[in-house]
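Novice: Structure file query.tsv (TSV, C-alpha atoms) is given on the next line.
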chain	number	residue	atom	x	y	z
A	1143	MET	CA	26.85	-8.08	35.53
A	1144	SER	CA	25.46	-5.70	33.02
A	1145	THR	CA	27.51	-2.94	31.50
A	1146	GLU	CA	26.48	0.56	30.52
A	1147	PRO	CA	24.36	0.36	27.38
A	1148	ARG	CA	25.95	1.49	24.16
A	1149	LEU	CA	24.11	3.30	21.40
A	1150	VAL	CA	24.66	1.79	17.98
A	1151	THR	CA	23.34	3.28	14.78
A	1152	VAL	CA	21.37	0.98	12.50
A	1153	ARG	CA	19.35	3.15	10.10
A	1154	LYS	CA	17.39	0.44	8.33
A	1155	ASN	CA	13.89	0.44	6.93
A	1156	VAL	CA	11.76	-1.97	8.96
A	1157	LEU	CA	9.94	-3.05	5.79
A	1158	LYS	CA	13.22	-3.57	3.95
A	1159	GLN	CA	12.52	-7.25	3.39
A	1160	ASN	CA	9.19	-6.47	1.72
A	1161	ASP	CA	10.69	-3.63	-0.30
A	1162	VAL	CA	13.55	-5.79	-1.58
A	1163	ILE	CA	11.08	-8.43	-2.81
A	1164	ALA	CA	8.80	-5.75	-4.28
A	1165	ARG	CA	11.71	-4.22	-6.18
A	1166	ALA	CA	12.69	-7.62	-7.57
A	1167	LEU	CA	9.08	-8.23	-8.62
A	1168	ARG	CA	8.87	-4.82	-10.30
A	1169	GLU	CA	12.04	-5.62	-12.26
A	1170	GLN	CA	10.68	-9.04	-13.19
A	1171	PHE	CA	7.36	-7.51	-14.35
A	1172	HIS	CA	9.23	-4.91	-16.34
A	1173	GLN	CA	11.44	-7.50	-18.04
A	1174	SER	CA	8.46	-9.62	-19.04
A	1175	GLY	CA	6.44	-6.63	-20.27
A	1176	VAL	CA	3.50	-7.10	-17.93
A	1177	PHE	CA	1.75	-4.03	-16.52
A	1178	VAL	CA	0.63	-4.65	-12.96
A	1179	VAL	CA	-2.35	-2.95	-11.36
A	1180	SER	CA	-3.31	-3.49	-7.73
A	1181	LEU	CA	-6.73	-2.73	-6.27
A	1182	VAL	CA	-7.33	-1.57	-2.71
A	1183	SER	CA	-10.53	-0.50	-0.97
A	1184	SER	CA	-12.67	-1.16	2.06
A	1185	PRO	CA	-14.58	-4.48	2.07
A	1186	GLY	CA	-17.60	-4.35	-0.21
A	1187	SER	CA	-16.56	-1.43	-2.41
A	1188	GLY	CA	-16.82	-3.55	-5.51
A	1189	LYS	CA	-13.23	-4.62	-6.25
A	1190	THR	CA	-14.24	-8.07	-7.44
A	1191	ALA	CA	-17.20	-6.79	-9.48
A	1192	LEU	CA	-15.02	-4.18	-11.21
A	1193	LEU	CA	-12.26	-6.68	-11.80
A	1194	GLU	CA	-14.68	-9.24	-13.26
A	1195	LYS	CA	-15.91	-6.65	-15.73
A	1196	MET	CA	-12.42	-5.42	-16.61
A	1197	LEU	CA	-11.01	-8.92	-17.08
A	1198	THR	CA	-13.89	-9.93	-19.33
A	1199	LEU	CA	-13.47	-6.85	-21.55
A	1200	LEU	CA	-9.67	-7.01	-21.63
A	1201	ALA	CA	-9.49	-10.74	-22.32
A	1202	THR	CA	-10.94	-10.33	-25.81
A	1203	ARG	CA	-7.81	-8.52	-26.99
A	1204	SER	CA	-5.13	-8.90	-24.31
A	1205	ARG	CA	-3.49	-11.59	-22.24
A	1206	VAL	CA	-4.51	-10.91	-18.66
A	1207	ALA	CA	-4.49	-12.68	-15.30
A	1208	ALA	CA	-5.43	-11.85	-11.73
A	1209	LEU	CA	-4.29	-12.62	-8.20
A	1210	VAL	CA	-6.87	-12.12	-5.48
A	1211	GLY	CA	-6.20	-11.83	-1.79
A	1212	ASP	CA	-8.75	-12.88	0.78
A	1213	LEU	CA	-8.64	-13.77	4.45
A	1214	ALA	CA	-10.50	-17.04	4.27
A	1215	THR	CA	-12.46	-17.91	1.14
A	1216	GLU	CA	-11.90	-18.65	-2.52
A	1217	ASN	CA	-15.21	-17.04	-3.49
A	1218	ASP	CA	-13.57	-14.13	-5.31
A	1219	ALA	CA	-11.42	-16.39	-7.46
A	1220	ALA	CA	-14.49	-18.47	-8.30
A	1221	ARG	CA	-16.36	-15.31	-9.36
A	1222	LEU	CA	-13.44	-14.04	-11.41
A	1223	ALA	CA	-12.96	-17.42	-13.09
A	1224	ARG	CA	-16.22	-16.65	-14.94
A	1225	SER	CA	-14.24	-14.13	-16.98
A	1226	ARG	CA	-12.23	-17.14	-18.29
A	1227	VAL	CA	-8.85	-15.60	-17.56
A	1228	PRO	CA	-6.27	-17.26	-15.29
A	1229	VAL	CA	-7.06	-16.38	-11.67
A	1230	LYS	CA	-5.28	-17.43	-8.51
A	1231	GLN	CA	-6.43	-16.91	-4.95
A	1232	ILE	CA	-4.05	-15.93	-2.19
A	1233	ILE	CA	-5.55	-16.88	1.16
A	1234	THR	CA	-3.84	-14.72	3.73
A	1235	GLY	CA	-5.24	-16.49	6.81
A	1236	THR	CA	-5.24	-13.91	9.58
A	1237	VAL	CA	-3.08	-11.41	7.71
A	1238	CYS	CA	-5.08	-8.31	6.83
A	1239	HIS	CA	-3.10	-7.28	3.74
A	1240	LEU	CA	-0.99	-8.68	0.92
A	1241	GLU	CA	2.80	-8.55	1.14
A	1242	ALA	CA	5.29	-8.75	-1.72
A	1243	ALA	CA	6.40	-12.24	-0.64
A	1244	MET	CA	2.80	-13.52	-0.96
A	1245	VAL	CA	2.63	-12.17	-4.51
A	1246	LYS	CA	6.01	-13.74	-5.31
A	1247	ASN	CA	4.97	-17.11	-3.88
A	1248	ALA	CA	1.70	-17.05	-5.80
A	1249	LEU	CA	3.51	-16.27	-9.05
A	1250	ASP	CA	6.26	-18.87	-8.58
A	1251	GLY	CA	5.31	-21.95	-10.50
A	1252	TRP	CA	2.11	-20.38	-11.89
A	1253	ASN	CA	2.53	-21.00	-15.55
A	1254	VAL	CA	0.30	-18.39	-17.19
A	1255	GLY	CA	2.62	-17.55	-20.08
A	1256	PRO	CA	3.39	-14.01	-21.21
A	1257	LEU	CA	0.92	-11.40	-19.97
A	1258	GLU	CA	0.09	-7.82	-20.86
A	1259	PHE	CA	-1.80	-7.10	-17.65
A	1260	LEU	CA	-1.77	-8.61	-14.19
A	1261	PHE	CA	-4.28	-7.42	-11.61
A	1262	ILE	CA	-3.75	-7.92	-7.89
A	1263	GLU	CA	-6.83	-7.54	-5.71
A	1264	ASN	CA	-5.78	-6.77	-2.15
A	1265	VAL	CA	-7.68	-7.78	0.98
A	1266	GLY	CA	-10.55	-5.36	1.66
A	1267	ASN	CA	-8.88	-3.00	4.12
A	1268	LEU	CA	-8.17	0.73	4.03
A	1269	VAL	CA	-5.44	0.69	6.66
A	1270	CYS	CA	-2.86	-2.06	6.46
A	1271	PRO	CA	-2.22	-2.42	2.69
A	1272	SER	CA	-0.90	1.16	2.49
A	1273	SER	CA	2.50	0.23	3.95
A	1274	TYR	CA	3.28	-2.65	1.58
A	1275	ASP	CA	4.73	-2.21	-1.88
A	1276	LEU	CA	3.73	-5.16	-4.08
A	1277	GLY	CA	5.87	-4.21	-7.06
A	1278	GLU	CA	2.82	-2.93	-8.94
A	1279	ASN	CA	2.93	-0.19	-11.60
A	1280	LEU	CA	-0.31	1.41	-10.49
A	1281	ARG	CA	-2.29	1.24	-7.29
A	1282	LEU	CA	-5.96	1.79	-7.81
A	1283	ILE	CA	-8.11	2.83	-4.86
A	1284	LEU	CA	-11.86	2.27	-5.02
A	1285	LEU	CA	-14.46	4.38	-3.28
A	1286	SER	CA	-18.07	3.31	-3.68
A	1287	VAL	CA	-20.86	5.89	-3.63
A	1288	THR	CA	-22.53	4.04	-0.74
A	1289	GLU	CA	-19.53	4.67	1.54
A	1290	GLY	CA	-19.89	8.43	1.70
A	1291	GLU	CA	-17.82	11.29	0.35
A	1292	ASP	CA	-15.55	11.61	3.37
A	1293	LYS	CA	-13.76	8.25	3.10
A	1294	PRO	CA	-10.58	9.90	1.73
A	1295	LEU	CA	-10.41	12.21	4.76
A	1296	LYS	CA	-10.89	9.27	7.14
A	1297	TYR	CA	-8.19	7.16	5.47
A	1298	PRO	CA	-5.75	9.71	4.02
A	1299	THR	CA	-2.71	7.44	4.20
A	1300	ILE	CA	-3.98	4.80	1.81
A	1301	PHE	CA	-5.48	7.39	-0.55
A	1302	ASN	CA	-2.10	9.09	-0.52
A	1303	SER	CA	-0.36	5.83	-1.42
A	1304	ALA	CA	-2.58	5.26	-4.49
A	1305	ASP	CA	-2.07	6.42	-8.09
A	1306	LEU	CA	-5.62	6.36	-9.35
A	1307	ALA	CA	-9.02	6.69	-7.67
A	1308	VAL	CA	-12.09	4.91	-8.99
A	1309	VAL	CA	-15.53	5.88	-7.74
A	1310	THR	CA	-17.65	2.73	-8.04
A	1311	LYS	CA	-21.38	1.87	-8.02
A	1312	MET	CA	-22.24	5.04	-9.94
A	1313	ASP	CA	-25.62	3.45	-10.76
A	1314	LEU	CA	-26.50	4.05	-7.07
A	1315	LEU	CA	-25.38	7.68	-7.08
A	1316	HIS	CA	-28.81	9.19	-6.50
A	1317	ALA	CA	-30.09	6.48	-4.17
A	1318	ALA	CA	-27.03	6.98	-1.97
A	1319	ASP	CA	-27.35	10.79	-2.15
A	1320	PHE	CA	-23.66	10.92	-3.02
A	1321	HIS	CA	-22.16	14.29	-3.87
A	1322	GLU	CA	-19.53	13.70	-6.53
A	1323	GLU	CA	-17.94	17.13	-6.27
A	1324	VAL	CA	-17.40	16.74	-2.52
A	1325	ALA	CA	-15.80	13.33	-2.99
A	1326	VAL	CA	-13.53	14.68	-5.75
A	1327	ALA	CA	-12.49	17.61	-3.56
A	1328	ASN	CA	-11.70	15.23	-0.68
A	1329	ILE	CA	-9.64	12.93	-2.90
A	1330	ASN	CA	-7.75	15.96	-4.20
A	1331	ALA	CA	-7.13	17.23	-0.68
A	1332	VAL	CA	-5.35	14.05	0.42
A	1333	ARG	CA	-3.74	13.18	-2.92
A	1334	PRO	CA	-3.57	16.27	-5.15
A	1335	GLY	CA	-3.69	15.60	-8.87
A	1336	MET	CA	-4.69	11.94	-8.65
A	1337	PRO	CA	-6.74	10.95	-11.72
A	1338	ILE	CA	-10.32	10.01	-10.80
A	1339	TRP	CA	-12.58	7.68	-12.77
A	1340	LYS	CA	-16.27	7.06	-12.20
A	1341	VAL	CA	-17.64	3.63	-13.03
A	1342	SER	CA	-20.48	1.20	-12.54
A	1343	ALA	CA	-19.68	-2.48	-12.84
A	1344	LYS	CA	-23.41	-3.09	-13.09
A	1345	THR	CA	-24.20	-0.85	-16.09
A	1346	GLY	CA	-20.67	-0.82	-17.50
A	1347	GLU	CA	-20.51	2.98	-17.28
A	1348	GLY	CA	-16.96	4.34	-17.44
A	1349	ILE	CA	-15.22	0.99	-17.59
A	1350	ALA	CA	-14.12	1.12	-21.24
A	1351	ASP	CA	-12.58	4.56	-20.60
A	1352	LEU	CA	-10.79	3.28	-17.52
A	1353	LEU	CA	-9.36	0.39	-19.52
A	1354	GLU	CA	-8.21	2.76	-22.26
A	1355	PHE	CA	-6.43	4.75	-19.58
A	1356	LEU	CA	-4.73	1.62	-18.20
A	1357	LYS	CA	-3.66	0.64	-21.71
A	1358	SER	CA	-2.20	4.09	-22.31
A	1359	GLN	CA	-0.33	3.88	-19.00
A	1360	ARG	CA	1.08	0.53	-20.06
A	1361	SER	CA	2.24	2.01	-23.38
A	1362	CYS	CA	3.84	4.98	-21.57
A	1363	THR	CA	5.76	2.60	-19.32
A	1364	GLN	CA	7.05	0.73	-22.34
A	1365	VAL	CA	8.03	3.92	-24.17
A	1366	ARG	CA	9.85	5.15	-21.05
A	1367	ALA	CA	11.65	1.82	-20.84
A	1368	ALA	CA	12.69	2.00	-24.49
A	1369	VAL	CA	14.17	5.51	-24.22
B	881	MET	CA	-3.86	-4.54	12.62
B	882	HIS	CA	-0.52	-5.01	10.85
B	883	GLU	CA	1.39	-3.39	13.73
B	884	LEU	CA	1.93	-6.85	15.23
B	885	SER	CA	3.84	-8.08	12.18
B	886	ILE	CA	5.74	-4.77	12.04
B	887	ALA	CA	6.69	-5.19	15.72
B	888	MET	CA	7.89	-8.71	14.94
B	889	SER	CA	10.07	-7.37	12.11
B	890	ILE	CA	11.54	-4.78	14.47
B	891	VAL	CA	12.40	-7.45	17.03
B	892	GLU	CA	13.90	-9.70	14.38
B	893	MET	CA	16.04	-6.90	12.91
B	894	ALA	CA	17.14	-5.67	16.33
B	895	GLU	CA	18.17	-9.17	17.45
B	896	GLU	CA	20.18	-9.67	14.27
B	897	GLU	CA	21.98	-6.36	14.65
B	898	CYS	CA	22.65	-7.02	18.33
B	899	SER	CA	24.00	-10.54	17.85
B	900	ALA	CA	26.14	-9.46	14.89
B	901	ARG	CA	27.93	-7.07	17.23
B	902	GLY	CA	28.40	-9.70	19.91
B	903	TYR	CA	25.99	-8.19	22.43
B	904	THR	CA	23.29	-10.07	24.28
B	905	GLN	CA	20.81	-7.53	25.55
B	906	ILE	CA	18.83	-4.70	24.01
B	907	ARG	CA	17.72	-1.94	26.33
B	908	ALA	CA	16.00	0.33	23.85
B	909	VAL	CA	15.06	0.63	20.20
B	910	HIS	CA	14.94	4.03	18.49
B	911	LEU	CA	12.45	4.22	15.67
B	912	ARG	CA	11.45	7.00	13.26
B	913	LEU	CA	7.77	6.77	12.38
B	914	GLY	CA	6.33	8.94	9.62
B	915	LEU	CA	2.76	10.19	9.98
B	916	LEU	CA	2.07	8.76	6.51
B	917	SER	CA	3.70	5.39	7.21
B	918	GLY	CA	0.35	3.73	7.78
B	919	VAL	CA	1.45	2.53	11.21
B	920	VAL	CA	-0.31	3.61	14.39
B	921	LYS	CA	2.06	4.49	17.22
B	922	GLU	CA	-0.12	3.23	20.09
B	923	ALA	CA	-0.88	-0.08	18.37
B	924	LEU	CA	2.80	-0.56	17.62
B	925	LEU	CA	3.79	0.12	21.24
B	926	SER	CA	1.37	-2.44	22.63
B	927	SER	CA	2.33	-5.02	19.99
B	928	TYR	CA	5.99	-4.40	20.78
B	929	ASP	CA	5.65	-5.32	24.46
B	930	MET	CA	3.88	-8.49	23.46
B	931	VAL	CA	6.46	-9.73	20.95
B	932	CYS	CA	9.53	-8.83	23.04
B	933	LYS	CA	8.84	-11.56	25.60
B	934	SER	CA	11.56	-14.26	25.65
B	935	THR	CA	13.78	-12.35	23.22
B	936	LEU	CA	16.92	-10.24	23.62
B	937	LEU	CA	14.53	-7.30	23.80
B	938	GLU	CA	12.53	-8.42	26.82
B	939	GLY	CA	11.98	-5.44	29.09
B	940	SER	CA	13.31	-2.98	26.48
B	941	GLN	CA	11.77	0.30	25.50
B	942	LEU	CA	10.56	1.32	22.06
B	943	LEU	CA	11.35	5.01	21.63
B	944	ILE	CA	9.38	6.48	18.75
B	945	GLU	CA	10.20	9.75	17.06
B	946	GLU	CA	7.21	10.83	15.01
B	947	VAL	CA	8.15	12.37	11.68
B	948	PRO	CA	5.81	15.07	10.34
B	949	VAL	CA	4.82	15.12	6.67
B	950	GLU	CA	6.66	17.50	4.38
B	951	ILE	CA	5.97	18.18	0.73
B	952	LEU	CA	8.16	19.88	-1.81
B	953	CYS	CA	6.18	22.96	-2.77
B	954	PRO	CA	6.42	23.32	-6.56
B	955	LYS	CA	5.90	27.08	-6.31
B	956	CYS	CA	8.10	28.02	-3.34
B	957	GLU	CA	10.54	25.25	-4.35
B	958	VAL	CA	11.29	24.36	-0.73
B	959	PRO	CA	10.13	21.56	1.56
B	960	ARG	CA	7.19	22.59	3.73
B	961	ARG	CA	5.28	20.86	6.49
B	962	VAL	CA	1.66	20.20	5.48
B	963	PRO	CA	-1.14	21.64	7.64
B	964	SER	CA	-2.54	18.09	8.07
B	965	ILE	CA	-2.47	14.80	6.21
B	966	GLN	CA	-6.03	15.60	5.11
B	967	TRP	CA	-4.76	18.68	3.36
B	968	MET	CA	-1.64	18.07	1.30
B	969	CYS	CA	-0.66	21.59	0.36
B	970	CYS	CA	1.91	24.28	1.03
B	971	PRO	CA	1.04	26.17	4.24
B	972	GLU	CA	2.55	29.37	2.78
B	973	CYS	CA	1.13	29.66	-0.72
B	974	GLY	CA	-1.60	27.00	-0.65
B	975	THR	CA	-0.34	25.09	-3.69
B	976	ALA	CA	-1.49	21.48	-3.56
B	977	THR	CA	1.03	18.79	-4.34
B	978	ALA	CA	1.46	15.06	-3.92
B	979	GLN	CA	5.24	15.24	-3.80
B	980	VAL	CA	5.95	13.96	-0.31
B	981	VAL	CA	9.58	14.32	0.75
B	982	GLN	CA	9.21	13.18	4.34
B	983	GLY	CA	6.66	11.40	6.50
B	984	LYS	CA	6.59	7.83	5.18
B	985	GLU	CA	9.48	6.62	7.36
B	986	LEU	CA	9.43	3.39	9.28
B	987	GLU	CA	13.07	3.27	10.18
B	988	LEU	CA	15.03	1.47	12.84
B	989	VAL	CA	17.48	4.23	13.70
B	990	ALA	CA	19.54	2.92	16.61
B	991	LEU	CA	19.75	0.39	19.41
B	992	GLU	CA	20.87	0.74	22.99
B	993	ILE	CA	22.64	-2.53	23.64
B	994	SER	CA	24.67	-4.07	26.42
B	995	GLU	CA	26.47	-7.35	27.22
Can you dump the structure from the file as structure tokens?
Specialist:
Amino acid sequence: MSTEPRLVTVRKNVLKQNDVIARALREQFHQSGVFVVSLVSSPGSGKTALLEKMLTLLATRSRVAALVGDLATENDAARLARSRVPVKQIITGTVCHLEAAMVKNALDGWNVGPLEFLFIENVGNLVCPSSYDLGENLRLILLSVTEGEDKPLKYPTIFNSADLAVVTKMDLLHAADFHEEVAVANINAVRPGMPIWKVSAKTGEGIADLLEFLKSQRSCTQVRAAV
Amino acid sequence: MHELSIAMSIVEMAEEECSARGYTQIRAVHLRLGLLSGVVKEALLSSYDMVCKSTLLEGSQLLIEEVPVEILCPKCEVPRRVPSIQWMCCPECGTATAQVVQGKELELVALEISE
């Protein structure tokens, strides 16, 4: 015999488990002095190409490594391995995004030594990754000129969750008839004040400046920690 | 489509809370869902029905309260509801800001449980 239902208050974040792991990761990253940058974008926006370029340039002076998420293949890790920095693939199977636990599992037992930068390339997806904190310091969102200027308006949630926007494939700007000022206005509408960088992994345009910015962000984090 | 794994988390949490209190059936789950949570209400509802089968939640209802997005206007210095999530600014003075104070919730608020 069933009784009258009773209302009990719970008040718990559904993603609590992920957030707890992400917080622990952030603390661990902070303690070891590594600055963690994640990359999100739609498939084919050039995350791997940008990362390959950044890793190659950074590796001459800094200790860097990368984790790359993919549904099924290890192609990205193989491409990034050309930069000669430690790279590990996370194959998510049918999961369309990375979660903090996947990052933790990938890092456990991965003996890469002390790092200055760790990059985490998320699965190409502009929807699902927005809800999952990975413990990163900065979330970089990529928008390639071939995708059109209105991507931020179509996917405001993930643009809102990011800290830095990078417009990629600038070498195709004219061919794609991409209007930079419209894209910038759209990014600003959904995430006011977000810094925007314009790069081409092909020509190298803008990448050194972007890296300088990341380095300065890393220094700021360390200064804040020291105060 | 991460709503399926979110629905599974909801079921898992609800079952834990229910069992911890010595109850055996969940009639309804109350959830607060922010418009900037990255979770689609309709997809979550259909995933929910699917994952509730053969659990303490079988036949239960998922009651979703949608939470609008509010920013803290730096000029007016009060929380304001944004005109849309494509336009993150104060509806009164037009100042744009990224300081979201509400709208990212994905919170299990309460359960209706019975023996």
Novice: Would you list which chain B residues are within 7 Å of chain A using only C-alpha atoms, as a list in words?
Specialist: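 Selected residues: Met881, His882, Ser889, Ile890, Leu916, Ser917, Gly918, Ile965, Gln966, Trp967, Met968, Ala976, Thr977, Ala978, Leu986, Glu987, Leu988, Val989, Ala990, Leu991, Glu992, Ile993, Ser994 and Glu995 of chain B.
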Novice: Select, from B:Cys970, B:Met888, B:Cys898, B:Leu952, the residue with the minimum atom-to-atom distance to B:Leu924, counting only C-alpha atoms.
Specialist: B:Met888
Novice: Within 7 Å of (8.5, 16.0, 0.2), all atoms listed in the file: residues as an mmCIF file with C-alpha atoms, keeping the file's coordinate frame?
Specialist:
data_model
loop_
_atom_site.group_PDB
_atom_site.id
_atom_site.type_symbol
_atom_site.label_atom_id
_atom_site.label_comp_id
_atom_site.auth_asym_id
_atom_site.auth_seq_id
_atom_site.Cartn_x
_atom_site.Cartn_y
_atom_site.Cartn_z
ATOM 1 C CA GLU B 950 6.660 17.500 4.380
ATOM 2 C CA ILE B 951 5.970 18.180 0.730
ATOM 3 C CA LEU B 952 8.160 19.880 -1.810
ATOM 4 C CA PRO B 959 10.130 21.560 1.560
ATOM 5 C CA GLN B 979 5.240 15.240 -3.800
ATOM 6 C CA VAL B 980 5.950 13.960 -0.310
ATOM 7 C CA VAL B 981 9.580 14.320 0.750
ATOM 8 C CA GLN B 982 9.210 13.180 4.340
#
Novice: Excluding B:Glu892 and any residue of its chain fewer than 3 positions from it, enumerate the residues within 10 Å of it, using only C-alpha atoms, and give them as a ChimeraX atom specification.
Specialist: /A:1156 /B:886-889,895-898,931-932,935-937
Novice: Find, counting all atoms listed in the file, the residue in B:Val920, B:Tyr928, B:Gly914, B:Gln905 that gets nearest to B:Val891.
Specialist: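 Ranking B:Val920, B:Tyr928, B:Gly914, B:Gln905 by distance to B:Val891, first place goes to B:Tyr928.
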Novice: When you draw a straight line from atom CA of B:Cys969 to atom CA of B:Glu957, how long is it in Å?
Specialist: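 Between these atoms lies a distance of 12.7 Å.
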Novice: Rank nothing, just name the residue among A:Val1182, A:Ala1343, A:Leu1306, A:Val1245 nearest to A:Phe1355, using all atoms listed in the file.
Specialist: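 Of the candidates, the smallest distance to A:Phe1355 is held by A:Leu1306.
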Novice: Pick out the residues sitting within 10 Å of stretch 1212-1215 of chain A, and hand them over as a compact mmCIF listing (two decimals) with C-alpha atoms, keeping the file's coordinate frame; count all atoms listed in the file, and ignore anything fewer than 5 positions along from it in its own chain.
Specialist:
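Heads up, here's the output in result_36.txt:
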# COMPACT_ATOMS: atom_id res chain seq x y z
CA ALA A 1220 -14.49 -18.47 -8.30
CA GLN A 1231 -6.43 -16.91 -4.95
CA ILE A 1232 -4.05 -15.93 -2.19
CA ILE A 1233 -5.55 -16.88 1.16
CA THR A 1234 -3.84 -14.72 3.73
CA GLY A 1235 -5.24 -16.49 6.81
CA THR A 1236 -5.24 -13.91 9.58
CA VAL A 1237 -3.08 -11.41 7.71
CA CYS A 1238 -5.08 -8.31 6.83
CA HIS A 1239 -3.10 -7.28 3.74
CA LEU A 1240 -0.99 -8.68 0.92
CA GLU A 1263 -6.83 -7.54 -5.71
CA ASN A 1264 -5.78 -6.77 -2.15
CA VAL A 1265 -7.68 -7.78 0.98
CA GLY A 1266 -10.55 -5.36 1.66
Novice: Distance atom CA of A:Arg1224-atom CA of A:Glu1194, one decimal place?
Specialist: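 Between these atoms lies a distance of 7.8 Å.
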Novice: What separation in Å, quoted to one decimal, exists between atom CA of A:Asn1217 and atom CA of A:Ala1248?
Specialist: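 Value for the atom CA of A:Asn1217-atom CA of A:Ala1248 distance: 17.1 Å.
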Novice: For A:Arg1360, which residue among A:Leu1284, A:Ile1163, A:Leu1197, A:Val1176 is the nearest when counting all atoms listed in the file?
Specialist: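 The answer is A:Val1176, which sits nearest to A:Arg1360.
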Novice: Using only C-alpha atoms for the distances, tell me which of B:Ala894, B:Cys956, B:Cys973, B:Val949 is nearest to B:Arg907.
Specialist: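 For B:Arg907, the nearest of the candidates is B:Ala894.
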Novice: Return the single residue from A:Arg1281, A:Lys1293, A:Arg1168, A:Lys1340 that is closest to A:Val1309, with distances computed using only C-alpha atoms.
Specialist: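 Of A:Arg1281, A:Lys1293, A:Arg1168, A:Lys1340, the one nearest A:Val1309 is A:Lys1340, counting only C-alpha atoms.
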Novice: If we count all atoms listed in the file and set the cut-off at 12 Å, which residues sit around A:Gly1277, ignoring sequence neighbours fewer than 6 positions away in its own chain? Please answer as a list in words.
Specialist: Asn1160, Asp1161, Val1162, Ile1163, Ala1164, Arg1165, Ala1166, Leu1167, Arg1168, Glu1169, Gln1170, Phe1171, His1172, Val1176, Phe1177, Val1178, Val1179, Ser1180, Leu1240, Glu1241, Ala1242, Ala1243, Met1244, Val1245, Lys1246, Leu1260, Phe1261 and Ile1262 of chain A
Novice: Could N, CA and C atoms be built for stretch 973-984 of chain B and written out as a compact mmCIF listing (two decimals), keeping the file's coordinate frame?
Specialist:
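The new file rebuild09.txt reads:
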# COMPACT_ATOMS: atom_id res chain seq x y z
N CYS B 973 1.80 29.15 0.49
CA CYS B 973 1.13 29.66 -0.72
C CYS B 973 -0.13 28.88 -1.09
N GLY B 974 -0.37 27.76 -0.40
CA GLY B 974 -1.60 27.00 -0.65
C GLY B 974 -1.55 26.06 -1.83
N THR B 975 -0.41 25.98 -2.53
CA THR B 975 -0.34 25.09 -3.69
C THR B 975 -0.43 23.63 -3.25
N ALA B 976 -1.33 22.90 -3.90
CA ALA B 976 -1.49 21.48 -3.56
C ALA B 976 -0.46 20.66 -4.32
N THR B 977 0.09 19.67 -3.67
CA THR B 977 1.03 18.79 -4.34
C THR B 977 1.07 17.43 -3.66
N ALA B 978 1.38 16.42 -4.47
CA ALA B 978 1.46 15.06 -3.92
C ALA B 978 2.92 14.65 -3.70
N GLN B 979 3.83 15.61 -3.91
CA GLN B 979 5.24 15.24 -3.80
C GLN B 979 5.71 15.25 -2.34
N VAL B 980 5.57 14.10 -1.72
CA VAL B 980 5.95 13.96 -0.31
C VAL B 980 7.45 13.72 -0.21
N VAL B 981 8.14 14.53 0.59
CA VAL B 981 9.58 14.32 0.75
C VAL B 981 9.92 13.73 2.11
N GLN B 982 8.98 13.73 3.01
CA GLN B 982 9.21 13.18 4.34
C GLN B 982 7.88 12.83 4.99
N GLY B 983 7.88 11.75 5.78
CA GLY B 983 6.66 11.40 6.50
C GLY B 983 6.20 9.98 6.25
N LYS B 984 6.97 9.23 5.42
CA LYS B 984 6.59 7.83 5.18
C LYS B 984 7.57 6.88 5.88
